[in-house]
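A short write-up of the structure that comes next.
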Amino acid sequence: TLAKIYKREITMWDDAAIIADNEDQGDALKTTLAGKSITVVRRKHGSSSTFGLTQYMHTSCSASWTDGPVSIITSLPEGTENVQIVEGSSKMASYLKSNEYAIGYADSGHGHSEHLQEVHLEVTNDDETTSYKLSTSATISAAWENADLPSATADWSSFSLQNKKAPAWPITMVSYFYLRKDMTKAGMTASMVKAFLTTVLGEEGQKDLVTYGFSRLEGDILAKSRETVNMLELPPGEKEFQFETETMESGAKGMDDYIISTKRNPKPFDATKLLKRVSTLETEVVRVESIVQSGVAVAPAAEADEVLEHKTDAVAELTEPAALSSSTAVGNKIYVIGGCQGPSLSACTASNTVLEYSPDTNQYAAIGTMKTARFGHAATHLLGAIYISGGQSSVNGEFLTGIEVFDLTTKQSTELATSSRRGANALSLTASTARVGSAGFTLGTNVYICGGYAGGVVQQSCIEISKDKTLRDGPSMSTARAYFSAATLNGVAYIYGGETTGSTVIGKLETLGENGGTAWVEHPSQLETLKRKNAAMAASKGRVYLFGGENQAGEKKNDVYTFSPTELAADGKTKGLWQKDGTMPSSKSAFSVATIGDSIYTFGGVGSDGSLLKESTALTQKAAVFEKSSIPLHGSGTTNPSKFFWKWMDILASRMKLPTHLTYRAVGSSTGMRDFKGQGDLHTQMVDFACGDIPLKKDIYDALDSKNIEVLHVPFALGTISVFVNLPGVSKIQLSPCTLAKIYKHEITQWDDATVIAENAELTSALTGKAIKVGRRKLGSSSTFGLTQYLSTTCSNAWTTGAESVISLDASRYEIVEGSAHMTEFIQGTVGAIGYLDSGHGLAEGLLEVALESSDADGSKAYRVSNSADVKKSSASNGVALLAPTADWSSFSLQNKKAPAWPITMVSYFYLRRDMTGKGVTSSLLKAFLTTILSDEGQKDMETNYGFVKLSPELVSESRKTVELMYMPVGATEFKFERETLSHNADGADEYVISTKRNPKPIDILAMNGEIDALQKEVAILKNALNMSLALNTMHKHDEDKTKTIAIVALVFGVVAIIGVMLAVWLAMSAASAAAMAGGGTVEMKRTTLPSEPCAESTVAP
């Protein structure tokens, strides 16, 4: 009957065949269906649901359905009367819902979610009798039973779960991943593929599949899929991703780049990118539709070549032509130091002037002088001073000795004392600094002067100068070189080119500081054949740039090359994918460069004709360049403020013009401390910041201090820890510290214990016979520390283990949970439970708080709860005297202050490393994030919506001052804020402005994601249409290509049941209802097969 409907041999609902199939419904159904035409709905393009339906009709009733299994029902062309053609499942469902007497098909989950009525289909039982079934998880799962699965690498083209014996659903489809077993050339993508497959096949992924109408895999089938994933051949040495789940123990490894963590917030929502994605998909739908219509195989959309570009702006010229000067950026100013001034290098005079250039005014100002005029020297900036080393004072003069330090505050230059040198070295300070053609750069809080000529010999050695002006021997370069280029980016130094022994110009790239390394590493480079000296190198927006210079023949160049240090060439070894980035206005060498924000400035140099230049330029990246990478910021620590942080990371990202990636991993204060401490020599950071509700532990502080790593404590909130219980029928309860201690030591195990009743006499009946179930945190947490510190200081006789972040008593006697969320779930779901967490979290969840005992000023005792106004007021401002920001805070506490202060009051801190000079633009983003949390807006939201107590004006002022103590990178552009109350100005459109006026108009994310999902499905189905059609036509042909593809049931990630037929919900609803009421019963409609034509049968209950 179903086949004849789809062949248009049956066109009316009151056809004799349909009435006969549903004879048990009597005259009521016949009356309802009288004179009603059938509208048949089919999919426009090839789809797996069409294939499933037609395969079912073909195998069950081939006499009526003669077209075979097809992905498009071409026997129902457009224009056929009462035939409706739709695109995709969504439009199929929409049409059925809106049109009476229509019949169509879709995947079961989709149809059920749209509340469409499903037709019962006929299935064959083991005894060859037939029965009628609806698609359920049980009927779908039954299709798997005793399935004879091919091996993972076999030909699966003939495998099917169609028309198995009942209770299996007859139109059960398997969803597969198609993979190539050999992924050895896929690089990191191979690991990402495996991680994705592991996620989909994990318990979390399989459970979520059910919410989308699929049936999850079970037992051996799921195990086989997981085994097949492990058959993938990954690149040799490729590191695989690991997973940190909610129930796993946290550790420092959780911050590893190859850890996928449920404790880390998702990437901030980017409305702009989402809208672009929708637009792209809509375009792709149109493109693929046209291809499908033309019958040409689908190929990926061609992407335009991405060529890095910059724009060049002329800036004010130097007052005199100059070459071999040095430049360094500090804040929003550039300092051009010394140089050789005159018509040419053979006839020039050394300058001792320090020029200050302001991009804002496009003007120079002479702000001071060096003690010695010089050119060919090295210069770099550290903590408010410029360090100047070596060079010459005249064309044929001796190489200069010593190091000058120009103070940017006093505008005075002083000689660095020779006695400050330390370390075993046969060379004297004078000899080691007498160099020309060396390069200087700042890495962390150290200055490095490397290479150059000394006594006519090209040097490999580097001098290292610490922030306290101590000199020592630094790491030697792999290759001796002079007149080379240097730049730093994100804590790594890069040097390139120069000339080596015998005046040979080279093209070698070396790095210092990668992965915390303390030795130079030489890298193969695509530019090795591009040998340059007296070129200039600079870094901006996550990329390194090489400008101009001269080759072995002395020819001056104007080209610009760039690469991203995070990318490797196809060989997996070559550092950076170098790309040509246009040209400078003129060919030149021996010029200096400095970076501010998006722009790289060049000053002077030697032109192609040998003349010295006044020319200065600003080269600025176009937006297309820095849209490629996001500014990262990663933190970890206490779970308490995690939701607050995640919200403001999203808000911050939405108010910024530059793309960002901010994450916070909620793992507890102790784990956050370990992440903050770092690994190895402790100079390798796992996070950019960490947070805790207790000060940094003394051993961690001391370890960092021993490495001269300064730490900042920045209080940002006050919070309270409370004890909560689940005692039905109880509205209030109070416990003294000693009683609470005995409960947590399991000396009191029943709620009706005499000690508890003595403190709560009115609760005798309510507490009778109830066992106490004690919850504690699994991992180190500030809330555990707060509770145990309270018990230790108020009842040390009962609580003898002291203050600890993990309760050290027998773990088997506790309900152990991880994180505040799981503690809440434990208390809510367990009668008799007692547990602890931050007060705001527990109160927001409606938990019953225990009143705790605290001391009044006169020494008397009283019971209070944490949410009283006087507790909040007292906790926020109670004469708190903070320690110095860089001091050891491990003994600082607000515990057990006199009432009305809450006895378990915790300070929430940011833990910061003062030295952020190696963090690049991340340092600016971190400072902006801290500024936001400490702003009036951030503090108000934290208290109003997240249960914290905001800092008093005095305390928040101190915290803001501490943030300003961070050492920022040389030339770092800091973010500015445009508030609602500020007037509009042109600066608000700058990339480094965070604007409340830029916050995008809220959009319906769920609706947008739904639209994207629908478009993605449409694109996928369109692309599969021809492939399926071609596959059916060439099913028996051998694949000449020996490439093996794994078609995996194995990698079956779910099962789709295709509903054979669906009728609109409104199928003769009013008539059927009237007939049912008249007959005193309900109406059913069943379509059964005629004896001579065993086809489909279905049951519909309107």
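As shown in the structure tokens, the chain order sets the letters A, B, ...; within each chain, residues go from 1, and ligands are also counted from 1 in the order they appear.
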
Sel. of alpha helix (DSSP H) residues, segment 293-503 of chain A, as a PDB file with all heavy atoms, in the first residue's frame:
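Wrote part_32.pdb, looks like this:
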```
ATOM      1  N   GLN A 293      22.544  19.869  -9.489  1.00  0.00           N
ATOM      2  CA  GLN A 293      21.632  19.975 -10.633  1.00  0.00           C
ATOM      3  C   GLN A 293      22.349  19.657 -11.937  1.00  0.00           C
ATOM      4  O   GLN A 293      21.785  19.047 -12.846  1.00  0.00           O
ATOM      5  CB  GLN A 293      21.042  21.392 -10.693  1.00  0.00           C
ATOM      6  CG  GLN A 293      20.074  21.709  -9.551  1.00  0.00           C
ATOM      7  CD  GLN A 293      18.799  20.905  -9.630  1.00  0.00           C
ATOM      8  OE1 GLN A 293      18.446  20.390 -10.691  1.00  0.00           O
ATOM      9  NE2 GLN A 293      18.094  20.785  -8.513  1.00  0.00           N
ATOM     10  N   SER A 294      23.626  20.042 -11.993  1.00  0.00           N
ATOM     11  CA  SER A 294      24.366  19.831 -13.247  1.00  0.00           C
ATOM     12  C   SER A 294      24.899  18.412 -13.373  1.00  0.00           C
ATOM     13  O   SER A 294      25.311  17.998 -14.441  1.00  0.00           O
ATOM     14  CB  SER A 294      25.539  20.815 -13.322  1.00  0.00           C
ATOM     15  OG  SER A 294      26.500  20.515 -12.321  1.00  0.00           O
ATOM     16  N   LEU A 429      85.735  42.581  31.267  1.00  0.00           N
ATOM     17  CA  LEU A 429      84.526  43.267  30.832  1.00  0.00           C
ATOM     18  C   LEU A 429      84.822  44.153  29.628  1.00  0.00           C
ATOM     19  O   LEU A 429      84.060  44.219  28.682  1.00  0.00           O
ATOM     20  CB  LEU A 429      83.948  44.091  31.985  1.00  0.00           C
ATOM     21  CG  LEU A 429      82.760  44.980  31.635  1.00  0.00           C
ATOM     22  CD1 LEU A 429      81.566  44.151  31.221  1.00  0.00           C
ATOM     23  CD2 LEU A 429      82.390  45.866  32.824  1.00  0.00           C
ATOM     24  N   THR A 430      85.968  44.835  29.664  1.00  0.00           N
ATOM     25  CA  THR A 430      86.324  45.744  28.571  1.00  0.00           C
ATOM     26  C   THR A 430      86.411  45.000  27.244  1.00  0.00           C
ATOM     27  O   THR A 430      85.851  45.411  26.235  1.00  0.00           O
ATOM     28  CB  THR A 430      87.663  46.425  28.863  1.00  0.00           C
ATOM     29  OG1 THR A 430      87.551  47.172  30.066  1.00  0.00           O
ATOM     30  CG2 THR A 430      88.070  47.340  27.722  1.00  0.00           C
ATOM     31  N   ALA A 431      87.065  43.859  27.249  1.00  0.00           N
ATOM     32  CA  ALA A 431      87.221  43.107  26.006  1.00  0.00           C
ATOM     33  C   ALA A 431      85.894  42.563  25.509  1.00  0.00           C
ATOM     34  O   ALA A 431      85.613  42.560  24.317  1.00  0.00           O
ATOM     35  CB  ALA A 431      88.208  41.968  26.212  1.00  0.00           C
ATOM     36  N   SER A 432      85.044  42.094  26.424  1.00  0.00           N
ATOM     37  CA  SER A 432      83.814  41.441  25.994  1.00  0.00           C
ATOM     38  C   SER A 432      82.787  42.416  25.453  1.00  0.00           C
ATOM     39  O   SER A 432      81.918  42.025  24.697  1.00  0.00           O
ATOM     40  CB  SER A 432      83.197  40.644  27.160  1.00  0.00           C
ATOM     41  OG  SER A 432      82.813  41.527  28.200  1.00  0.00           O
ATOM     42  N   THR A 433      82.886  43.698  25.824  1.00  0.00           N
ATOM     43  CA  THR A 433      81.900  44.661  25.334  1.00  0.00           C
ATOM     44  C   THR A 433      82.431  45.498  24.173  1.00  0.00           C
ATOM     45  O   THR A 433      81.688  46.289  23.600  1.00  0.00           O
ATOM     46  CB  THR A 433      81.454  45.603  26.470  1.00  0.00           C
ATOM     47  OG1 THR A 433      82.611  46.292  26.971  1.00  0.00           O
ATOM     48  CG2 THR A 433      80.781  44.815  27.574  1.00  0.00           C
TER      49      THR A 433
END
```

**Request:** Extract the full set of strand (DSSP E) residues from segment 320-526 of chain A according to DSSP on the backbone, and format it as a PyMOL selection string.
**Result:** chain A and resi 322-323+326-330+333-337+340-341+349-358+363-374+378-382+385-389+403-407+412-415+439-443+446-450+453-454+457-458+462-466+471-473+485-489+492-496+499-500+504-505+509-512+521-523

**Request:** Check the smallest atom-to-atom distance from each of A:Ile5, A:Ile465, A:Leu652, A:Ile506 to Ala17 of chain A using only C-alpha atoms, then report the winner.
**Result:** A:Ile5

**Item:** Nearest-residue call for Asp693 of chain A, choices A:Leu209, A:Val315, A:Val544, A:Met906, using only C-alpha atoms
**Value:** A:Met906

**Item:** Contacts of Phe591 of chain A within 8 Å, only C-alpha atoms, excl. fewer than 4 positions in-chain, as a PyMOL selection string
**Value:** chain A and resi 323-326+534-536+602-606

**Message:** Taking 4 positions as the minimum chain separation for residues in the same chain, which residues sit within 10 Å of Ser866 of chain A when counting only C-alpha atoms? Answer as a list of chain:residue names.
**Reply:** A:Gly719, A:Thr720, A:Ile721, A:Ser722, A:Val723, A:Asp838, A:Ser839, A:Gly840, A:Leu843, A:Glu849, A:Val850, A:Ala851, A:Leu852, A:Asp870, A:Val871, A:Lys872, A:Pro900, A:Ala901, A:Trp902, A:Pro903, A:Ile904, A:Thr905

Please produce, as a tab-separated table, a per-residue contact table for segment 706-727 of chain A versus segment 758-782 of chain A (criterion: any atom at most 10 Å away, only C-alpha atoms considered), showing the nearest atom pair and its distance in Å to one decimal, sorted by chain then residue number.
```
residue	atom	partner	partner_atom	distance
A:Ile721	CA	A:Ser782	CA	9.1
A:Val725	CA	A:Val774	CA	9.5
A:Asn726	CA	A:Lys773	CA	9.7
A:Leu727	CA	A:Leu767	CA	7.8
```

**Prompt:** When distances are computed from only C-alpha atoms, which of A:Ala195, A:Ile933, A:Ala590, A:Leu809 shows the smallest separation from Phe645 of chain A?
**Reply:** A:Ile933

**Request:** Do a neighbour search on segment 153-165 of chain A at 6 Å with only C-alpha atoms, toss out local chain neighbours closer than 5 positions, and write the hits as a list in words.
**Result:** Thr124, Asn125, Pro170, Ile171, Thr172 and Ile1046 of chain A
